[in-house]
$ cat data-v3.txt   # compact mmCIF, C-alpha atoms and all ligand atoms
# COMPACT_ATOMS: atom_id res chain seq x y z
CA MET M 1 -23.89 -10.96 -19.89
CA PRO M 2 -21.75 -14.00 -19.00
CA ALA M 3 -18.80 -11.84 -17.86
CA ARG M 4 -20.87 -10.49 -15.01
CA LYS M 5 -21.03 -13.98 -13.50
CA THR M 6 -17.30 -14.09 -12.98
CA GLU M 7 -17.23 -11.35 -10.38
CA ILE M 8 -16.70 -12.65 -6.86
CA LEU M 9 -18.21 -10.64 -4.02
CA PHE M 10 -17.35 -10.87 -0.35
CA SER M 11 -19.86 -11.28 2.45
CA SER M 12 -19.63 -11.43 6.20
CA THR M 13 -19.44 -14.81 7.95
CA ARG M 14 -22.33 -13.47 10.04
CA CYS M 15 -24.42 -12.73 6.93
CA LYS M 16 -25.85 -9.46 8.22
CA THR M 17 -24.26 -7.04 5.76
CA LYS M 18 -24.42 -6.38 2.04
CA PRO M 19 -21.72 -8.14 -0.05
CA VAL M 20 -18.82 -5.91 -1.12
CA GLY M 21 -16.12 -6.02 -3.81
CA PHE M 22 -12.51 -7.08 -3.37
CA SER M 23 -11.05 -3.59 -2.64
CA GLU M 24 -13.79 -2.72 -0.22
CA ALA M 25 -13.32 -5.95 1.71
CA ILE M 26 -9.63 -5.12 2.04
CA GLU M 27 -10.21 -1.52 3.11
CA GLU M 28 -12.91 -2.44 5.61
CA GLY M 29 -10.88 -5.26 7.16
CA MET M 30 -13.79 -6.56 9.17
CA ALA M 31 -17.48 -6.51 8.20
CA SER M 32 -19.65 -4.02 10.10
CA ASP M 33 -21.61 -6.84 11.81
CA GLY M 34 -18.37 -8.02 13.43
CA GLY M 35 -17.96 -10.97 11.06
CA LEU M 36 -15.07 -11.75 8.72
CA TYR M 37 -15.23 -11.38 4.95
CA VAL M 38 -15.43 -14.55 2.89
CA PRO M 39 -15.86 -14.91 -0.90
CA ASP M 40 -19.38 -15.77 -2.05
CA ARG M 41 -17.86 -18.58 -4.12
CA LEU M 42 -14.41 -20.02 -4.70
CA PRO M 43 -12.90 -20.10 -8.19
CA ARG M 44 -12.19 -23.68 -9.30
CA PHE M 45 -8.97 -24.98 -10.80
CA SER M 46 -7.43 -28.34 -11.55
CA ALA M 47 -3.83 -29.48 -11.78
CA SER M 48 -4.03 -29.75 -15.58
CA ASP M 49 -4.75 -25.99 -15.85
CA PHE M 50 -1.12 -25.21 -15.05
CA SER M 51 2.16 -25.90 -16.80
CA ARG M 52 4.80 -27.68 -14.71
CA GLN M 53 7.16 -24.73 -14.90
CA ILE M 54 4.71 -22.06 -13.76
CA SER M 55 6.35 -19.49 -11.48
CA ILE M 56 4.87 -18.46 -8.16
CA GLN M 57 4.19 -14.99 -9.62
CA GLU M 58 2.28 -16.33 -12.63
CA LEU M 59 0.27 -18.66 -10.43
CA ALA M 60 -0.54 -15.76 -8.07
CA LYS M 61 -1.78 -13.66 -11.00
CA ARG M 62 -4.11 -16.42 -12.17
CA VAL M 63 -5.56 -17.24 -8.77
CA LEU M 64 -5.69 -13.80 -7.15
CA GLY M 65 -6.80 -12.36 -10.49
CA ALA M 66 -9.87 -14.63 -10.28
CA PHE M 67 -10.75 -13.20 -6.86
CA SER M 68 -10.42 -9.59 -8.03
CA GLU M 69 -12.04 -9.76 -11.45
CA ARG M 70 -13.98 -6.57 -12.32
CA ASP M 71 -12.75 -4.88 -9.14
CA ALA M 72 -10.98 -1.49 -9.14
CA LEU M 73 -7.74 -3.37 -8.48
CA SER M 74 -8.09 -5.95 -11.23
CA GLY M 75 -5.82 -4.07 -13.65
CA SER M 76 -3.07 -3.83 -11.03
CA ILE M 77 -3.09 -7.38 -9.66
CA GLY M 78 -0.32 -8.43 -12.06
CA SER M 79 2.17 -5.85 -10.87
CA ILE M 80 1.10 -6.27 -7.23
CA CYS M 81 1.84 -10.02 -7.51
CA ASP M 82 5.19 -9.43 -9.22
CA THR M 83 6.33 -7.33 -6.26
CA ALA M 84 4.67 -9.28 -3.45
CA PHE M 85 5.87 -12.72 -4.60
CA ASP M 86 9.44 -11.81 -5.48
CA PHE M 87 10.99 -14.43 -3.21
CA GLU M 88 10.76 -18.20 -3.28
CA ALA M 89 8.77 -20.68 -1.21
CA PRO M 90 10.88 -23.79 -1.89
CA LEU M 91 9.55 -27.30 -1.32
CA ARG M 92 12.42 -29.47 -0.14
CA ARG M 93 12.48 -33.26 0.00
CA LEU M 94 13.19 -34.82 3.39
CA PRO M 95 13.48 -38.51 4.34
CA ARG M 96 10.39 -40.72 4.95
CA GLU M 97 8.23 -39.45 2.08
CA THR M 98 8.05 -36.05 3.65
CA ALA M 99 8.82 -32.57 2.34
CA VAL M 100 9.17 -29.18 3.98
CA LEU M 101 7.63 -26.02 2.54
CA GLU M 102 9.95 -23.18 3.56
CA LEU M 103 7.93 -20.00 3.96
CA PHE M 104 10.71 -18.00 5.62
CA HIS M 105 12.67 -16.53 2.71
CA GLY M 106 10.96 -13.13 2.80
CA PRO M 107 12.17 -9.88 4.41
CA THR M 108 11.24 -10.79 8.00
CA ALA M 109 11.88 -14.53 7.68
CA ALA M 110 8.34 -15.74 8.41
CA PHE M 111 5.30 -16.69 6.31
CA LYS M 112 3.50 -13.47 7.24
CA ASP M 113 5.64 -11.66 4.66
CA PHE M 114 3.48 -13.12 1.86
CA GLY M 115 0.21 -11.73 3.19
CA ALA M 116 1.71 -8.43 4.35
CA ARG M 117 3.38 -7.73 1.01
CA PHE M 118 0.25 -8.44 -1.01
CA LEU M 119 -1.84 -6.26 1.32
CA ALA M 120 0.74 -3.46 1.02
CA GLY M 121 0.57 -3.62 -2.77
CA CYS M 122 -3.23 -3.42 -2.75
CA VAL M 123 -3.48 -0.58 -0.23
CA SER M 124 -0.78 1.49 -1.91
CA GLU M 125 -2.51 1.09 -5.28
CA LEU M 126 -5.87 2.16 -3.81
CA ALA M 127 -4.22 5.22 -2.24
CA GLU M 128 -2.71 6.21 -5.58
CA LYS M 129 -6.06 5.85 -7.32
CA ASP M 130 -7.80 8.48 -5.19
CA SER M 131 -4.69 10.34 -3.97
CA ARG M 132 -5.55 9.82 -0.33
CA THR M 133 -3.04 8.40 2.09
CA ARG M 134 -4.13 5.31 4.01
CA THR M 135 -3.08 4.62 7.59
CA ILE M 136 -2.39 1.01 8.44
CA LEU M 137 -2.73 0.11 12.07
CA VAL M 138 -1.46 -3.14 13.49
CA ALA M 139 -1.37 -4.45 17.05
CA THR M 140 1.32 -7.04 17.49
CA SER M 141 2.76 -9.40 20.05
CA GLY M 142 5.76 -10.02 17.83
CA ASP M 143 5.78 -11.37 14.27
CA THR M 144 2.84 -9.66 12.56
CA GLY M 145 3.99 -6.08 13.15
CA GLY M 146 7.43 -6.75 11.70
CA ALA M 147 6.01 -8.23 8.51
CA ILE M 148 3.56 -5.33 8.07
CA ALA M 149 6.21 -2.69 8.81
CA ALA M 150 8.68 -4.23 6.35
CA ALA M 151 6.03 -4.64 3.65
CA PHE M 152 4.69 -1.07 3.84
CA HIS M 153 8.03 0.66 4.41
CA ARG M 154 8.31 3.42 1.75
CA LYS M 155 5.14 2.24 -0.01
CA LYS M 156 3.55 5.28 -1.65
CA GLY M 157 0.36 6.63 -0.08
CA THR M 158 0.69 4.69 3.15
CA GLU M 159 1.52 5.39 6.78
CA VAL M 160 1.96 2.62 9.32
CA LEU M 161 1.37 2.59 13.06
CA VAL M 162 2.62 -0.46 14.92
CA LEU M 163 1.46 -0.97 18.50
CA PHE M 164 3.40 -3.38 20.68
CA PRO M 165 3.45 -4.06 24.43
CA LYS M 166 6.44 -2.25 25.94
CA GLY M 167 9.12 -4.62 27.24
CA LYS M 168 7.08 -7.70 26.33
CA VAL M 169 8.57 -8.65 22.95
CA SER M 170 12.01 -10.21 22.41
CA PRO M 171 14.92 -7.88 21.52
CA ARG M 172 15.05 -9.19 17.95
CA GLN M 173 11.29 -8.81 17.58
CA GLU M 174 11.46 -5.25 18.95
CA GLN M 175 14.19 -4.43 16.43
CA GLN M 176 11.97 -5.63 13.57
CA LEU M 177 9.16 -3.35 14.73
CA THR M 178 11.16 -0.22 15.44
CA CYS M 179 13.93 -0.06 12.83
CA TRP M 180 12.05 1.42 9.87
CA GLY M 181 11.42 5.16 10.12
CA ASP M 182 10.07 7.08 7.08
CA ASN M 183 6.35 6.19 6.84
CA VAL M 184 6.49 3.58 9.62
CA ARG M 185 6.02 4.53 13.25
CA ALA M 186 6.27 2.18 16.21
CA CYS M 187 4.49 2.86 19.51
CA ALA M 188 5.38 0.94 22.64
CA VAL M 189 2.24 0.75 24.75
CA ASN M 190 2.51 0.82 28.54
CA GLY M 191 0.46 -2.33 28.91
CA ASP M 192 0.08 -5.82 27.46
CA PHE M 193 -0.91 -7.19 24.05
CA ASP M 194 -4.61 -7.07 24.93
CA ASP M 195 -4.28 -3.31 25.54
CA CYS M 196 -2.70 -2.91 22.09
CA GLN M 197 -5.50 -4.87 20.50
CA ARG M 198 -8.17 -2.90 22.36
CA ILE M 199 -6.69 0.41 21.18
CA ALA M 200 -6.49 -0.85 17.58
CA LYS M 201 -10.11 -2.02 17.70
CA SER M 202 -11.40 1.26 19.10
CA ALA M 203 -9.46 3.22 16.46
CA LEU M 204 -11.01 1.06 13.73
CA MET M 205 -14.47 1.99 15.02
CA ASP M 206 -13.68 5.68 15.58
CA PRO M 207 -15.14 8.14 13.02
CA TRP M 208 -12.09 10.48 13.04
CA TRP M 209 -9.66 7.64 12.41
CA LYS M 210 -11.90 6.10 9.79
CA LYS M 211 -12.58 9.32 7.89
CA GLU M 212 -9.51 11.49 8.35
CA LYS M 213 -6.85 8.81 8.53
CA ARG M 214 -8.53 6.32 6.15
CA LEU M 215 -7.66 3.58 8.58
CA VAL M 216 -7.03 0.04 7.33
CA SER M 217 -6.45 -2.95 9.61
CA GLY M 218 -3.16 -4.78 9.11
CA ASN M 219 -4.21 -7.65 11.36
CA SER M 220 -4.62 -11.15 10.03
CA ILE M 221 -8.40 -11.04 9.73
CA ASN M 222 -7.90 -8.84 6.66
CA LEU M 223 -8.77 -10.75 3.51
CA GLY M 224 -5.84 -9.07 1.77
CA ARG M 225 -3.55 -11.10 3.99
CA LEU M 226 -5.48 -14.36 3.83
CA LEU M 227 -5.95 -14.81 0.07
CA PRO M 228 -2.26 -14.56 -0.97
CA GLN M 229 -1.50 -17.42 1.43
CA ILE M 230 -3.44 -19.72 -0.91
CA ILE M 231 -0.68 -19.33 -3.49
CA TYR M 232 2.12 -21.25 -1.82
CA TYR M 233 -0.23 -24.15 -1.11
CA ALA M 234 -1.38 -24.17 -4.73
CA LYS M 235 2.19 -24.03 -6.03
CA SER M 236 3.69 -26.64 -3.71
CA SER M 237 0.79 -29.10 -4.06
CA LEU M 238 1.19 -29.04 -7.87
CA GLU M 239 4.93 -29.53 -7.45
CA TYR M 240 4.48 -32.47 -5.07
CA LEU M 241 2.03 -34.12 -7.43
CA ASN M 242 4.33 -33.64 -10.42
CA GLU M 243 7.28 -35.13 -8.60
CA SER M 244 5.69 -38.07 -6.82
CA GLY M 245 2.33 -38.69 -8.50
CA GLU M 246 0.62 -38.30 -5.11
CA ASN M 247 -1.52 -35.67 -3.38
CA ALA M 248 0.28 -34.45 -0.28
CA GLY M 249 -1.25 -33.86 3.13
CA TYR M 250 -0.19 -30.64 4.88
CA ILE M 251 0.71 -30.22 8.54
CA ILE M 252 0.37 -26.57 9.54
CA PRO M 253 1.56 -24.88 12.74
CA SER M 254 -1.57 -22.93 13.72
CA GLY M 255 -2.55 -20.11 16.04
CA ASN M 256 -5.13 -17.69 14.70
CA LEU M 257 -5.79 -20.21 11.90
CA GLY M 258 -5.24 -17.85 8.94
CA ASN M 259 -2.56 -20.00 7.36
CA ALA M 260 -4.55 -23.24 7.70
CA VAL M 261 -7.76 -21.67 6.36
CA ALA M 262 -5.81 -20.57 3.27
CA ALA M 263 -4.72 -24.20 2.76
CA LEU M 264 -8.33 -25.37 3.03
CA PHE M 265 -9.37 -22.71 0.49
CA ALA M 266 -6.72 -24.10 -1.87
CA LYS M 267 -8.05 -27.63 -1.33
CA LYS M 268 -11.67 -26.59 -1.98
CA MET M 269 -10.53 -24.72 -5.10
CA GLY M 270 -9.31 -28.01 -6.55
CA PHE M 271 -5.57 -27.96 -5.88
CA PRO M 272 -4.14 -31.44 -5.20
CA ILE M 273 -4.17 -31.39 -1.40
CA ARG M 274 -5.14 -34.69 0.25
CA GLU M 275 -5.85 -33.36 3.73
CA VAL M 276 -4.91 -30.69 6.25
CA VAL M 277 -3.72 -31.37 9.78
CA LEU M 278 -3.37 -28.58 12.33
CA ALA M 279 -0.52 -28.52 14.83
CA THR M 280 -1.05 -26.25 17.83
CA ASN M 281 0.95 -25.53 20.96
CA GLU M 282 -0.64 -25.82 24.39
CA ASN M 283 -3.43 -23.46 23.37
CA LYS M 284 -5.88 -26.27 22.78
CA ALA M 285 -9.20 -24.77 21.64
CA LEU M 286 -8.87 -26.42 18.21
CA PRO M 287 -7.75 -29.93 19.25
CA LYS M 288 -10.50 -29.86 21.91
CA PHE M 289 -13.08 -28.95 19.29
CA PHE M 290 -12.05 -31.87 17.08
CA GLU M 291 -12.17 -34.17 20.09
CA THR M 292 -15.47 -33.06 21.65
CA ALA M 293 -17.33 -31.13 18.90
CA ARG M 294 -17.65 -28.22 21.32
CA TRP M 295 -16.13 -24.82 20.55
CA GLU M 296 -14.76 -23.28 23.71
CA PRO M 297 -12.25 -20.48 23.31
CA MET M 298 -9.87 -20.32 26.26
CA PRO M 299 -7.55 -17.83 27.93
CA THR M 300 -4.21 -17.68 26.12
CA VAL M 301 -1.31 -19.76 27.50
CA ALA M 302 2.28 -18.56 26.92
CA THR M 303 4.43 -21.15 25.10
CA LEU M 304 7.76 -21.50 23.26
CA ALA M 305 5.89 -21.11 19.93
CA ASN M 306 4.68 -17.64 20.91
CA ALA M 307 3.35 -16.53 17.50
CA MET M 308 0.77 -19.31 17.98
CA ASP M 309 -0.29 -18.25 21.48
CA VAL M 310 -3.96 -17.72 20.68
CA GLY M 311 -6.73 -18.92 22.98
CA ALA M 312 -9.63 -17.88 20.74
CA PRO M 313 -8.59 -18.19 17.05
CA SER M 314 -10.61 -15.59 15.13
CA ASN M 315 -10.44 -17.42 11.81
CA PHE M 316 -12.52 -20.24 13.30
CA GLU M 317 -15.50 -18.34 11.85
CA ARG M 318 -14.05 -18.80 8.39
CA LEU M 319 -13.47 -22.49 9.03
CA GLN M 320 -17.15 -22.87 9.98
CA TRP M 321 -18.17 -21.00 6.87
CA LEU M 322 -16.07 -23.37 4.77
CA TYR M 323 -17.57 -26.42 6.50
CA PRO M 324 -21.11 -25.54 7.64
CA ASP M 325 -21.51 -29.19 8.67
CA ALA M 326 -19.41 -29.67 11.82
CA ALA M 327 -19.40 -33.45 11.42
CA GLN M 328 -17.90 -33.08 7.94
CA LEU M 329 -15.29 -30.65 9.24
CA ARG M 330 -14.31 -33.06 11.99
CA LYS M 331 -14.01 -35.84 9.41
CA GLU M 332 -11.79 -33.86 7.03
CA VAL M 333 -9.52 -31.92 9.36
CA ARG M 334 -7.55 -33.07 12.40
CA ALA M 335 -5.69 -31.12 15.08
CA PHE M 336 -3.01 -32.07 17.60
CA SER M 337 -1.62 -30.08 20.52
CA VAL M 338 2.15 -30.21 21.17
CA SER M 339 3.64 -29.35 24.56
CA ASP M 340 6.71 -27.15 25.16
CA GLU M 341 8.52 -30.28 26.32
CA LEU M 342 7.92 -31.97 22.95
CA ILE M 343 8.80 -28.79 21.04
CA ARG M 344 12.17 -28.80 22.82
CA LYS M 345 12.72 -32.49 22.13
CA THR M 346 11.85 -32.07 18.44
CA ILE M 347 14.24 -29.12 18.00
CA ARG M 348 17.01 -31.00 19.84
CA SER M 349 16.76 -34.06 17.61
CA GLY M 350 16.03 -32.13 14.38
CA PRO M 351 19.63 -32.14 13.06
CA ASP M 352 19.99 -35.92 13.58
CA ASP M 353 16.50 -37.02 12.61
CA TRP M 354 15.85 -34.71 9.67
CA GLY M 355 19.10 -32.85 8.99
CA GLN M 356 17.21 -29.63 9.85
CA VAL M 357 17.14 -26.89 12.44
CA TRP M 358 13.50 -26.11 13.26
CA CYS M 359 11.95 -22.99 14.74
CA PRO M 360 9.65 -23.66 17.72
CA HIS M 361 6.50 -23.18 15.59
CA THR M 362 7.61 -25.50 12.82
CA ALA M 363 8.65 -28.04 15.48
CA THR M 364 4.98 -28.55 16.42
CA ALA M 365 4.25 -29.72 12.87
CA VAL M 366 7.38 -31.87 12.77
CA HIS M 367 6.32 -33.63 15.95
CA VAL M 368 2.89 -34.33 14.46
CA ARG M 369 4.57 -35.74 11.33
CA GLU M 370 6.65 -38.06 13.50
CA LYS M 371 3.46 -39.43 15.07
CA LEU M 372 1.64 -40.10 11.77
CA SER M 373 2.39 -43.44 10.16
CA THR M 374 1.04 -42.72 6.64
CA PRO M 375 3.33 -41.32 3.88
CA HIS M 376 3.30 -38.12 1.75
CA TRP M 377 3.28 -35.17 4.07
CA VAL M 378 4.37 -31.57 3.67
CA ILE M 379 5.56 -29.91 6.88
CA VAL M 380 4.90 -26.17 6.70
CA ALA M 381 7.91 -24.24 8.06
CA THR M 382 6.48 -20.91 9.19
CA ALA M 383 9.63 -19.12 10.41
CA HIS M 384 13.42 -19.26 10.19
CA PRO M 385 15.02 -20.66 13.36
CA ALA M 386 17.35 -17.63 13.63
CA LYS M 387 14.35 -15.54 14.69
CA PHE M 388 14.12 -17.62 17.85
CA GLU M 389 17.81 -18.11 18.53
CA SER M 390 17.47 -17.83 22.31
CA ILE M 391 15.28 -20.96 22.32
CA VAL M 392 16.89 -22.90 19.48
CA GLU M 393 20.63 -22.39 20.03
CA PRO M 394 20.88 -23.86 23.56
CA LEU M 395 18.92 -26.93 22.38
CA ILE M 396 21.11 -27.75 19.39
CA GLY M 397 24.33 -26.55 21.04
CA ARG M 398 25.47 -24.24 18.26
CA GLU M 399 24.72 -20.92 16.64
CA VAL M 400 22.10 -20.62 13.91
CA GLU M 401 23.23 -18.66 10.89
CA VAL M 402 21.19 -15.49 10.38
CA PRO M 403 19.78 -15.00 6.85
CA GLU M 404 20.93 -11.86 5.00
CA THR M 405 17.49 -10.21 5.06
CA LEU M 406 17.33 -10.50 8.83
CA LYS M 407 20.92 -9.27 9.21
CA SER M 408 20.13 -6.04 7.40
CA ILE M 409 17.13 -5.44 9.69
CA LEU M 410 19.24 -6.08 12.78
CA SER M 411 21.82 -3.51 11.70
CA ARG M 412 19.34 -0.61 11.37
CA GLU M 413 18.84 2.05 13.99
CA SER M 414 15.80 1.59 16.23
CA ARG M 415 13.31 4.27 17.33
CA PHE M 416 9.87 4.28 18.97
CA ASP M 417 7.41 6.38 20.96
CA VAL M 418 5.95 5.29 24.27
CA ILE M 419 2.22 5.83 24.87
CA GLU M 420 -0.27 5.20 27.63
CA PRO M 421 -2.76 2.39 26.93
CA ASN M 422 -5.65 4.42 25.50
CA LEU M 423 -6.82 5.61 22.10
CA GLN M 424 -6.51 9.28 23.03
CA ALA M 425 -2.78 8.88 23.56
CA LEU M 426 -2.45 7.34 20.10
CA THR M 427 -4.64 10.02 18.51
CA GLU M 428 -2.40 12.76 19.93
CA LYS M 429 0.64 11.12 18.37
CA ALA M 430 -1.11 10.79 15.03
CA LYS M 431 -2.49 14.33 14.69
C1 LIG R 1 1.61 -16.18 12.94
C2 LIG R 1 2.46 -17.40 13.01
C3 LIG R 1 1.90 -18.70 13.12
C4 LIG R 1 0.41 -18.92 13.25
O1 LIG R 1 -0.25 -18.66 12.05
P1 LIG R 1 -1.85 -18.46 12.04
O2 LIG R 1 -2.18 -18.05 10.66
O3 LIG R 1 -2.15 -17.39 13.05
O4 LIG R 1 -2.45 -19.77 12.42
C5 LIG R 1 2.75 -19.79 13.13
N1 LIG R 1 4.09 -19.63 13.05
C6 LIG R 1 4.67 -18.42 12.95
C7 LIG R 1 6.15 -18.33 12.88
C8 LIG R 1 3.89 -17.26 12.91
O5 LIG R 1 4.48 -16.06 12.82

$ encode --input "data-v3.txt" --output "structure tokens"
Amino acid sequence: MPARKTEILFSSTRCKTKPVGFSEAIEEGMASDGGLYVPDRLPRFSASDFSRQISIQELAKRVLGAFSERDALSGSIGSICDTAFDFEAPLRRLPRETAVLELFHGPTAAFKDFGARFLAGCVSELAEKDSRTRTILVATSGDTGGAIAAAFHRKKGTEVLVLFPKGKVSPRQEQQLTCWGDNVRACAVNGDFDDCQRIAKSALMDPWWKKEKRLVSGNSINLGRLLPQIIYYAKSSLEYLNESGENAGYIIPSGNLGNAVAALFAKKMGFPIREVVLATNENKALPKFFETARWEPMPTVATLANAMDVGAPSNFERLQWLYPDAAQLRKEVRAFSVSDELIRKTIRSGPDDWGQVWCPHTATAVHVREKLSTPHWVIVATAHPAKFESIVEPLIGREVEVPETLKSILSRESRFDVIEPNLQALTEKAK
């Protein structure tokens, strides 16, 4: 039975649970031993497998289809990809043998739209299959919740609960969390982001939530958000190779490390990626690891690139799984920390040096590019600068034009509940 061999199963990075199929890994979010799901093998491709004109949707079907073969969702992956990847991820040429991969053309103008939209397609399809509504819970300090809310808004068979710390997100971020209505509900928690995360974690372990509400985690540890991020690396690396005859290196603004791990998956799967460099803000656990070989998560420091304010990146476990040999990992991947001061400087000189307005996250990668003397780099632009106008506009001395998608979000009416920082308060709202 050769077909049997093609099925990929997913196991925990901590190896203490039984492997599960694609849908189950998505519904479970995290393995029961506290580890993260990883595929038991990676499908292999090479550049010659793909025509030069392949669309992002066709590429997504091929690659994500390979991960979901023989799963309950395998027949639906095509239509899920058509909907999830219905906007572009253009690769634009810049000076100095550099390109920028713009991942901010989705509904909430940040790369998280890719993962959120694919997850929404999968969860909605699973809900339709057994006619049971799923509840998606997401704790957010800003960007994640907006992408999840937008992606699941009016998706059949789904209800969304977004938890955010009251008064601790920017006005534009709050608008993106609270403007949806219908099946999306936003709860402002009287507390900080850690309280939101604690409530989400206890709900995910609570029998009532699990059984009655069919709870699914919308946070970035979910494999359903990680795997679709492989696609834009696959697509852009093929494009770069076709245009220049070279394999590009990628510089990726990193926080929780989901985006960079997806790039390393793409590299291991055979896509033409020369190397991956991580750019972080002043949260230095990763650069320190590459410097000293010691992994020491640290308390989170607040920076201008706030979607990367992570002291203990949870996807580090997946990185270790991908490179069991730490010496090999430290040889193949590099990481650099960029201070707020340098983020400001890079944004200020962006229009003159590159003809670009950068968001604070992307600016970390741009600064790293400026320090590297070798050619052929792709800077990964994770968000549109208009999302961070209060930082960017004073530095460049003019307004940043707001993309249409963001404009329509900003014009909607906003509504949210306020809850005390405990699970019981959330349960009462949900009953
Ligand atoms: C979430 C986010 C990041 C960090 O991505 P990780 O996958 O957590 O490393 C970087 N930039 C922006 C704009 C983000 O929203």

$ atom_distance --input "data-v3.txt" --atom1 "CA of Asp325 in chain M" --atom2 "CA of Glu275 in chain M"
16.9 Å

$ closest_residue --input "data-v3.txt" --among "M:Gly355, M:Pro90, M:Gly218, M:Gly146" --to "ligand LIG 1 (chain R)" --atoms "only C-alpha atoms and all ligand atoms"
M:Gly146

$ closest_residue --input "data-v3.txt" --among "M:Asn219, M:Gly255, M:Thr140, M:Arg348" --to "Cys187 in chain M" --atoms "all atoms listed in the file"
M:Thr140

$ atom_distance --input "data-v3.txt" --atom1 "CA of Cys196 in chain M" --atom2 "CA of Glu125 in chain M"
27.7 Å

$ closest_atom_pairs --input "data-v3.txt" --of "chain M" --to "ligand LIG 1 (chain R)" --cutoff "9 Å" --atoms "all atoms listed in the file" --output "JSON lines"
{"residue": "M:Phe104", "atom": "CA", "partner": "R:LIG1", "partner_atom": "C7", "distance": 8.6}
{"residue": "M:Ala109", "atom": "CA", "partner": "R:LIG1", "partner_atom": "C7", "distance": 8.6}
{"residue": "M:Ala110", "atom": "CA", "partner": "R:LIG1", "partner_atom": "C7", "distance": 5.6}
{"residue": "M:Phe111", "atom": "CA", "partner": "R:LIG1", "partner_atom": "O5", "distance": 6.6}
{"residue": "M:Lys112", "atom": "CA", "partner": "R:LIG1", "partner_atom": "O5", "distance": 6.2}
{"residue": "M:Gly142", "atom": "CA", "partner": "R:LIG1", "partner_atom": "O5", "distance": 8.0}
{"residue": "M:Asp143", "atom": "CA", "partner": "R:LIG1", "partner_atom": "O5", "distance": 5.1}
{"residue": "M:Thr144", "atom": "CA", "partner": "R:LIG1", "partner_atom": "O5", "distance": 6.6}
{"residue": "M:Ser220", "atom": "CA", "partner": "R:LIG1", "partner_atom": "O2", "distance": 7.3}
{"residue": "M:Leu226", "atom": "CA", "partner": "R:LIG1", "partner_atom": "O2", "distance": 8.4}
{"residue": "M:Ile252", "atom": "CA", "partner": "R:LIG1", "partner_atom": "O4", "distance": 7.9}
{"residue": "M:Pro253", "atom": "CA", "partner": "R:LIG1", "partner_atom": "C5", "distance": 5.2}
{"residue": "M:Ser254", "atom": "CA", "partner": "R:LIG1", "partner_atom": "O4", "distance": 3.5}
{"residue": "M:Gly255", "atom": "CA", "partner": "R:LIG1", "partner_atom": "O4", "distance": 3.6}
{"residue": "M:Asn256", "atom": "CA", "partner": "R:LIG1", "partner_atom": "O3", "distance": 3.4}
{"residue": "M:Leu257", "atom": "CA", "partner": "R:LIG1", "partner_atom": "O4", "distance": 3.4}
{"residue": "M:Gly258", "atom": "CA", "partner": "R:LIG1", "partner_atom": "O2", "distance": 3.5}
{"residue": "M:Asn259", "atom": "CA", "partner": "R:LIG1", "partner_atom": "O2", "distance": 3.9}
{"residue": "M:Ala260", "atom": "CA", "partner": "R:LIG1", "partner_atom": "O4", "distance": 6.2}
{"residue": "M:Val261", "atom": "CA", "partner": "R:LIG1", "partner_atom": "O2", "distance": 7.9}
{"residue": "M:Ala262", "atom": "CA", "partner": "R:LIG1", "partner_atom": "O2", "distance": 8.6}
{"residue": "M:Leu278", "atom": "CA", "partner": "R:LIG1", "partner_atom": "O4", "distance": 8.9}
{"residue": "M:Thr280", "atom": "CA", "partner": "R:LIG1", "partner_atom": "O4", "distance": 8.6}
{"residue": "M:Ala305", "atom": "CA", "partner": "R:LIG1", "partner_atom": "N1", "distance": 7.3}
{"residue": "M:Asn306", "atom": "CA", "partner": "R:LIG1", "partner_atom": "C6", "distance": 8.0}
{"residue": "M:Ala307", "atom": "CA", "partner": "R:LIG1", "partner_atom": "C2", "distance": 4.7}
{"residue": "M:Met308", "atom": "CA", "partner": "R:LIG1", "partner_atom": "C4", "distance": 4.8}
{"residue": "M:Asp309", "atom": "CA", "partner": "R:LIG1", "partner_atom": "C4", "distance": 8.3}
{"residue": "M:Val310", "atom": "CA", "partner": "R:LIG1", "partner_atom": "O3", "distance": 7.8}
{"residue": "M:Pro313", "atom": "CA", "partner": "R:LIG1", "partner_atom": "O3", "distance": 7.6}
{"residue": "M:Ser314", "atom": "CA", "partner": "R:LIG1", "partner_atom": "O3", "distance": 8.9}
{"residue": "M:Asn315", "atom": "CA", "partner": "R:LIG1", "partner_atom": "O4", "distance": 8.4}
{"residue": "M:Cys359", "atom": "CA", "partner": "R:LIG1", "partner_atom": "C7", "distance": 7.7}
{"residue": "M:Pro360", "atom": "CA", "partner": "R:LIG1", "partner_atom": "C7", "distance": 8.0}
{"residue": "M:His361", "atom": "CA", "partner": "R:LIG1", "partner_atom": "N1", "distance": 5.0}
{"residue": "M:Thr362", "atom": "CA", "partner": "R:LIG1", "partner_atom": "N1", "distance": 6.8}
{"residue": "M:Ala381", "atom": "CA", "partner": "R:LIG1", "partner_atom": "N1", "distance": 7.8}
{"residue": "M:Thr382", "atom": "CA", "partner": "R:LIG1", "partner_atom": "C7", "distance": 4.5}
{"residue": "M:Ala383", "atom": "CA", "partner": "R:LIG1", "partner_atom": "C7", "distance": 4.3}
{"residue": "M:His384", "atom": "CA", "partner": "R:LIG1", "partner_atom": "C7", "distance": 7.8}
{"residue": "M:Lys387", "atom": "CA", "partner": "R:LIG1", "partner_atom": "C7", "distance": 8.8}

$ residues_around --input "data-v3.txt" --residues "Arg134 in chain M" --least-positions-apart "6" --cutoff "12 Å" --atoms "all atoms listed in the file" --output "VMD selection string"
chain M and resid 26 to 28 120 122 to 128 152 155 to 161 183 209 to 218
